[in-house]
Amino acid sequence: MYRLFHVPLSPFCRKVRLVLAEKRIEVELVEERYWERDGDFLRRNPAGKVPILRVDGNHLSESTAIVEYLEELHPDVALMPATPEGRYEVRRLMGWFDDKFFGEVTSKLLYERVNKKMMGQGYPDSTAVKSGARAIKFHLDYMAWLLDQRRWLAGDQMTLADFTAAAHLSSLDYISDVDWRRSDTVKDWYAKIKSRPAFRNILADQIPGFPPPAHYADLDF
């Protein structure tokens, strides 16, 4: 069995969890308070970040490297296109969400509203929160533009790009920071991926002190 050291609301951890579940890979989840920088944790990953996937005594870090490793090792449920052009587009969009979206949105909303409290680092920065609330509108519009041309974000099949985006949006949806009224196209895409069995454990997450909104686990939200 694999073992995943994770934080429930981390979009990077959620991305790995979704891919493991989609590929029906059994995994033991271990919550890790990475901000305490425990010695055992730092030995697993000196970078001090989650997720960390333990496989055959080895500790794998960096979410994109992990999911591509899983894709190569468990190709039966394919989450990467067959063509170089298709794989490029998936990797481009994974980078978009894990870099640009995270920097402009997730870090400004989720990390300010939730992580600061969990880590005992004070109150949210209202300027950062307002910045994130503005930026997410641009990103939702970009997703709508992509989905107007494609069945899924990167093309006609569901890929790692969709799970990467869904990981970020599901984390933000847990704290009611996604305006699903902005785009029916994006809402329909999220409802479709949210309804997959891989999402069940994600929708069951409960963070002490941060109850999810009623619509969070509703498949017909």
# chains A, B, ... in the order shown; residues from 1 in each chain; ligands from 1
call {"tool": "residues_around", "arguments": {"residues": "A:Glu62", "least_positions_apart": "2", "cutoff": "10 Å", "atoms": "only C-alpha atoms", "output": "list in words"}}
result
Phe12, Cys13, Val16, Asn45, Ala47, Lys49, Val50, Pro51, Ile52, Leu53, Leu60, Thr64, Ala65, Ile66 and Val67 of chain A
call {"tool": "write_last_selection", "arguments": {"atoms": "N, CA and C atoms", "output": "compact mmCIF listing (two decimals), in the first residue's frame"}}
result
# COMPACT_ATOMS: atom_id res chain seq x y z
N PHE A 12 -2.34 20.77 -3.89
CA PHE A 12 -1.29 19.89 -4.41
C PHE A 12 -1.49 18.46 -3.89
N CYS A 13 -1.88 18.35 -2.62
CA CYS A 13 -2.18 17.03 -2.07
C CYS A 13 -3.45 16.46 -2.69
N VAL A 16 -2.91 14.79 -6.05
CA VAL A 16 -2.37 13.43 -5.94
C VAL A 16 -3.46 12.47 -5.47
N ASN A 45 11.20 14.77 3.35
CA ASN A 45 11.35 15.77 2.28
C ASN A 45 12.01 17.01 2.85
N ALA A 47 12.70 19.68 1.62
CA ALA A 47 12.08 20.92 1.17
C ALA A 47 10.97 21.37 2.11
N LYS A 49 7.79 20.33 2.32
CA LYS A 49 6.50 20.51 1.65
C LYS A 49 5.75 19.19 1.54
N VAL A 50 4.43 19.31 1.46
CA VAL A 50 3.58 18.17 1.12
C VAL A 50 3.02 18.42 -0.27
N PRO A 51 2.62 17.37 -0.96
CA PRO A 51 2.49 15.98 -0.55
C PRO A 51 3.82 15.23 -0.63
N ILE A 52 3.85 14.12 0.12
CA ILE A 52 4.94 13.15 0.02
C ILE A 52 4.30 11.78 -0.11
N LEU A 53 4.68 11.04 -1.14
CA LEU A 53 4.13 9.71 -1.36
C LEU A 53 5.22 8.68 -1.06
N LEU A 60 8.54 10.15 -2.35
CA LEU A 60 8.45 10.96 -3.56
C LEU A 60 7.78 12.30 -3.23
N THR A 64 3.38 17.33 -9.19
CA THR A 64 3.36 17.03 -10.63
C THR A 64 4.25 15.84 -10.95
N ALA A 65 5.43 15.79 -10.34
CA ALA A 65 6.31 14.64 -10.54
C ALA A 65 5.65 13.35 -10.05
N ILE A 66 4.91 13.46 -8.93
CA ILE A 66 4.24 12.27 -8.38
C ILE A 66 3.16 11.77 -9.34
N VAL A 67 2.31 12.67 -9.83
CA VAL A 67 1.20 12.20 -10.68
C VAL A 67 1.70 11.68 -12.02
call {"tool": "residues_around", "arguments": {"residues": "stretch 88-96 of chain A", "least_positions_apart": "6", "cutoff": "7 Å", "atoms": "only C-alpha atoms", "output": "PDB file with C-alpha atoms, in the first residue's frame"}}
result
ATOM      1  CA  ALA A 154      -6.875  20.165 -22.366  1.00  0.00           C
ATOM      2  CA  THR A 159      -6.569  14.471 -18.078  1.00  0.00           C
ATOM      3  CA  LEU A 160      -4.258  15.455 -15.266  1.00  0.00           C
ATOM      4  CA  ALA A 161      -5.017  19.067 -16.197  1.00  0.00           C
ATOM      5  CA  THR A 164      -5.142  19.838 -11.176  1.00  0.00           C
TER       6      THR A 164
END
call {"tool": "closest_residue", "arguments": {"among": "A:Trp189, A:Tyr174, A:Pro124, A:Glu85", "to": "A:Met143", "atoms": "only C-alpha atoms"}}
result
A:Trp189
call {"tool": "atom_distance", "arguments": {"atom1": "atom CA of A:Leu110", "atom2": "atom CA of A:Arg3"}}
result
25.1 Å
call {"tool": "residues_around", "arguments": {"residues": "stretch 192-203 of chain A", "least_positions_apart": "5", "cutoff": "9 Å", "atoms": "only C-alpha atoms", "output": "PyMOL selection string"}}
result
chain A and resi 8-9+14+17-24+158+162-163+166+170+174+187+216-220
call {"tool": "closest_residue", "arguments": {"among": "A:Ser107, A:Asn115, A:Ser183, A:Gln157", "to": "A:Tyr34", "atoms": "only C-alpha atoms"}}
result
A:Asn115
call {"tool": "closest_residue", "arguments": {"among": "A:Val178, A:Leu153, A:Ala144, A:Val30", "to": "A:Leu109", "atoms": "only C-alpha atoms"}}
result
A:Val178
call {"tool": "closest_residue", "arguments": {"among": "A:Tyr2, A:Trp35, A:Trp145, A:Tyr190", "to": "A:Lys116", "atoms": "only C-alpha atoms"}}
result
A:Trp35
call {"tool": "atom_distance", "arguments": {"atom1": "atom CA of A:Tyr69", "atom2": "atom CA of A:Met1"}}
result
15.8 Å
call {"tool": "atom_distance", "arguments": {"atom1": "atom CA of A:Asp156", "atom2": "atom CA of A:Glu68"}}
result
19.5 Å
call {"tool": "select_by_dssp", "arguments": {"residues": "stretch 63-203 of chain A", "states": "helix (DSSP H, G or I)", "output": "PDB file with C-alpha atoms, in the first residue's frame"}}
result
ATOM      1  CA  SER A  63       2.871  16.824  -6.865  1.00  0.00           C
ATOM      2  CA  THR A  64       3.361  17.027 -10.630  1.00  0.00           C
ATOM      3  CA  ALA A  65       6.309  14.636 -10.543  1.00  0.00           C
ATOM      4  CA  ILE A  66       4.243  12.270  -8.383  1.00  0.00           C
ATOM      5  CA  VAL A  67       1.196  12.199 -10.676  1.00  0.00           C
ATOM      6  CA  GLU A  68       3.322  11.714 -13.786  1.00  0.00           C
ATOM      7  CA  TYR A  69       5.118   8.865 -11.972  1.00  0.00           C
ATOM      8  CA  LEU A  70       1.728   7.302 -11.184  1.00  0.00           C
ATOM      9  CA  GLU A  71       0.656   7.781 -14.802  1.00  0.00           C
ATOM     10  CA  GLU A  72       3.700   5.855 -16.034  1.00  0.00           C
ATOM     11  CA  LEU A  73       3.387   3.140 -13.414  1.00  0.00           C
ATOM     12  CA  PRO A  84       3.218  14.975 -27.799  1.00  0.00           C
ATOM     13  CA  GLU A  85       1.014  18.001 -28.536  1.00  0.00           C
ATOM     14  CA  GLY A  86      -1.666  16.725 -26.197  1.00  0.00           C
ATOM     15  CA  ARG A  87       0.795  15.993 -23.398  1.00  0.00           C
ATOM     16  CA  TYR A  88       2.304  19.448 -23.847  1.00  0.00           C
ATOM     17  CA  GLU A  89      -1.112  21.083 -23.385  1.00  0.00           C
ATOM     18  CA  VAL A  90      -1.774  19.049 -20.234  1.00  0.00           C
ATOM     19  CA  ARG A  91       1.587  20.052 -18.763  1.00  0.00           C
ATOM     20  CA  ARG A  92       1.046  23.686 -19.723  1.00  0.00           C
ATOM     21  CA  LEU A  93      -2.278  23.788 -17.909  1.00  0.00           C
ATOM     22  CA  MET A  94      -0.927  21.947 -14.879  1.00  0.00           C
ATOM     23  CA  GLY A  95       1.738  24.640 -14.683  1.00  0.00           C
ATOM     24  CA  TRP A  96      -0.917  27.344 -15.143  1.00  0.00           C
ATOM     25  CA  PHE A  97      -2.953  26.195 -12.157  1.00  0.00           C
ATOM     26  CA  ASP A  98      -0.091  25.176  -9.859  1.00  0.00           C
ATOM     27  CA  ASP A  99       1.885  28.355 -10.579  1.00  0.00           C
ATOM     28  CA  LYS A 100      -0.248  31.243 -11.853  1.00  0.00           C
ATOM     29  CA  PHE A 101      -3.607  30.260 -10.330  1.00  0.00           C
ATOM     30  CA  PHE A 102      -1.984  29.293  -7.041  1.00  0.00           C
ATOM     31  CA  GLY A 103       0.022  32.504  -6.831  1.00  0.00           C
ATOM     32  CA  GLU A 104      -2.840  34.791  -7.800  1.00  0.00           C
ATOM     33  CA  VAL A 105      -5.799  33.015  -6.215  1.00  0.00           C
ATOM     34  CA  THR A 106      -5.256  30.010  -3.930  1.00  0.00           C
ATOM     35  CA  SER A 107      -2.475  31.590  -1.901  1.00  0.00           C
ATOM     36  CA  LYS A 108      -4.497  34.793  -1.521  1.00  0.00           C
ATOM     37  CA  LEU A 109      -7.740  33.133  -0.422  1.00  0.00           C
ATOM     38  CA  LEU A 110      -7.253  29.664   1.052  1.00  0.00           C
ATOM     39  CA  TYR A 111      -3.881  30.339   2.623  1.00  0.00           C
ATOM     40  CA  GLU A 112      -4.971  33.671   4.071  1.00  0.00           C
ATOM     41  CA  ARG A 113      -8.348  32.482   5.359  1.00  0.00           C
ATOM     42  CA  VAL A 114      -7.419  29.002   6.589  1.00  0.00           C
ATOM     43  CA  ASN A 115      -3.703  28.278   6.735  1.00  0.00           C
ATOM     44  CA  LYS A 116      -2.801  31.350   8.764  1.00  0.00           C
ATOM     45  CA  LYS A 117      -5.262  30.342  11.480  1.00  0.00           C
ATOM     46  CA  MET A 118      -4.118  26.716  11.467  1.00  0.00           C
ATOM     47  CA  MET A 119      -0.477  27.788  11.724  1.00  0.00           C
ATOM     48  CA  SER A 126      -7.555  41.875   3.590  1.00  0.00           C
ATOM     49  CA  THR A 127      -5.578  43.309   0.673  1.00  0.00           C
ATOM     50  CA  ALA A 128      -4.438  39.821  -0.345  1.00  0.00           C
ATOM     51  CA  VAL A 129      -7.966  38.424  -0.009  1.00  0.00           C
ATOM     52  CA  LYS A 130      -9.405  41.182  -2.217  1.00  0.00           C
ATOM     53  CA  SER A 131      -6.664  40.547  -4.769  1.00  0.00           C
ATOM     54  CA  GLY A 132      -7.495  36.836  -4.881  1.00  0.00           C
ATOM     55  CA  ALA A 133     -11.221  37.524  -5.191  1.00  0.00           C
ATOM     56  CA  ARG A 134     -10.539  39.742  -8.223  1.00  0.00           C
ATOM     57  CA  ALA A 135      -8.091  37.355  -9.844  1.00  0.00           C
ATOM     58  CA  ILE A 136     -10.318  34.276  -9.693  1.00  0.00           C
ATOM     59  CA  LYS A 137     -12.782  35.978 -12.052  1.00  0.00           C
ATOM     60  CA  PHE A 138     -10.113  36.132 -14.768  1.00  0.00           C
ATOM     61  CA  HIS A 139      -9.232  32.476 -14.267  1.00  0.00           C
ATOM     62  CA  LEU A 140     -12.859  31.317 -14.376  1.00  0.00           C
ATOM     63  CA  ASP A 141     -13.310  33.271 -17.601  1.00  0.00           C
ATOM     64  CA  TYR A 142     -10.193  31.633 -19.060  1.00  0.00           C
ATOM     65  CA  MET A 143     -11.509  28.196 -18.124  1.00  0.00           C
ATOM     66  CA  ALA A 144     -14.853  29.048 -19.740  1.00  0.00           C
ATOM     67  CA  TRP A 145     -13.036  30.062 -22.919  1.00  0.00           C
ATOM     68  CA  LEU A 146     -11.133  26.764 -23.004  1.00  0.00           C
ATOM     69  CA  LEU A 147     -14.252  24.715 -22.307  1.00  0.00           C
ATOM     70  CA  ASP A 148     -16.205  26.482 -25.033  1.00  0.00           C
ATOM     71  CA  GLN A 149     -13.777  24.871 -27.490  1.00  0.00           C
ATOM     72  CA  LEU A 160      -4.258  15.455 -15.266  1.00  0.00           C
ATOM     73  CA  ALA A 161      -5.017  19.067 -16.197  1.00  0.00           C
ATOM     74  CA  ASP A 162      -8.640  18.630 -15.115  1.00  0.00           C
ATOM     75  CA  PHE A 163      -7.682  17.083 -11.795  1.00  0.00           C
ATOM     76  CA  THR A 164      -5.142  19.838 -11.176  1.00  0.00           C
ATOM     77  CA  ALA A 165      -7.743  22.554 -11.758  1.00  0.00           C
ATOM     78  CA  ALA A 166     -10.380  20.667  -9.769  1.00  0.00           C
ATOM     79  CA  ALA A 167      -7.984  20.281  -6.851  1.00  0.00           C
ATOM     80  CA  HIS A 168      -7.576  24.054  -6.591  1.00  0.00           C
ATOM     81  CA  LEU A 169     -11.253  24.852  -7.122  1.00  0.00           C
ATOM     82  CA  SER A 170     -12.446  22.204  -4.660  1.00  0.00           C
ATOM     83  CA  SER A 171     -10.186  23.652  -1.959  1.00  0.00           C
ATOM     84  CA  LEU A 172     -11.599  27.112  -2.605  1.00  0.00           C
ATOM     85  CA  ASP A 173     -15.152  25.794  -2.826  1.00  0.00           C
ATOM     86  CA  TYR A 174     -14.731  24.380   0.686  1.00  0.00           C
ATOM     87  CA  TRP A 180     -20.285  29.275  -9.745  1.00  0.00           C
ATOM     88  CA  ARG A 181     -22.808  31.736 -11.199  1.00  0.00           C
ATOM     89  CA  ARG A 182     -20.077  33.359 -13.288  1.00  0.00           C
ATOM     90  CA  ASP A 184     -22.463  27.758 -16.502  1.00  0.00           C
ATOM     91  CA  THR A 185     -19.795  26.098 -18.643  1.00  0.00           C
ATOM     92  CA  VAL A 186     -17.290  25.940 -15.808  1.00  0.00           C
ATOM     93  CA  LYS A 187     -19.975  24.897 -13.325  1.00  0.00           C
ATOM     94  CA  ASP A 188     -21.058  22.047 -15.610  1.00  0.00           C
ATOM     95  CA  TRP A 189     -17.426  20.932 -16.005  1.00  0.00           C
ATOM     96  CA  TYR A 190     -16.935  20.945 -12.237  1.00  0.00           C
ATOM     97  CA  ALA A 191     -20.208  19.102 -11.630  1.00  0.00           C
ATOM     98  CA  LYS A 192     -19.088  16.441 -14.099  1.00  0.00           C
ATOM     99  CA  ILE A 193     -15.698  15.864 -12.490  1.00  0.00           C
ATOM    100  CA  LYS A 194     -17.073  16.293  -8.962  1.00  0.00           C
ATOM    101  CA  PRO A 197     -16.027   8.273  -7.610  1.00  0.00           C
ATOM    102  CA  ALA A 198     -12.493   9.689  -7.259  1.00  0.00           C
ATOM    103  CA  PHE A 199     -13.992  12.765  -5.612  1.00  0.00           C
ATOM    104  CA  ARG A 200     -15.812  10.953  -2.796  1.00  0.00           C
ATOM    105  CA  ASN A 201     -13.052  11.198  -0.184  1.00  0.00           C
ATOM    106  CA  ILE A 202     -12.342  14.809  -1.117  1.00  0.00           C
ATOM    107  CA  LEU A 203     -15.992  15.736  -0.567  1.00  0.00           C
TER     108      LEU A 203
END
call {"tool": "closest_residue", "arguments": {"among": "A:Ile25, A:Gly120, A:Ser176, A:Pro208", "to": "A:His74", "atoms": "only C-alpha atoms"}}
result
A:Ile25
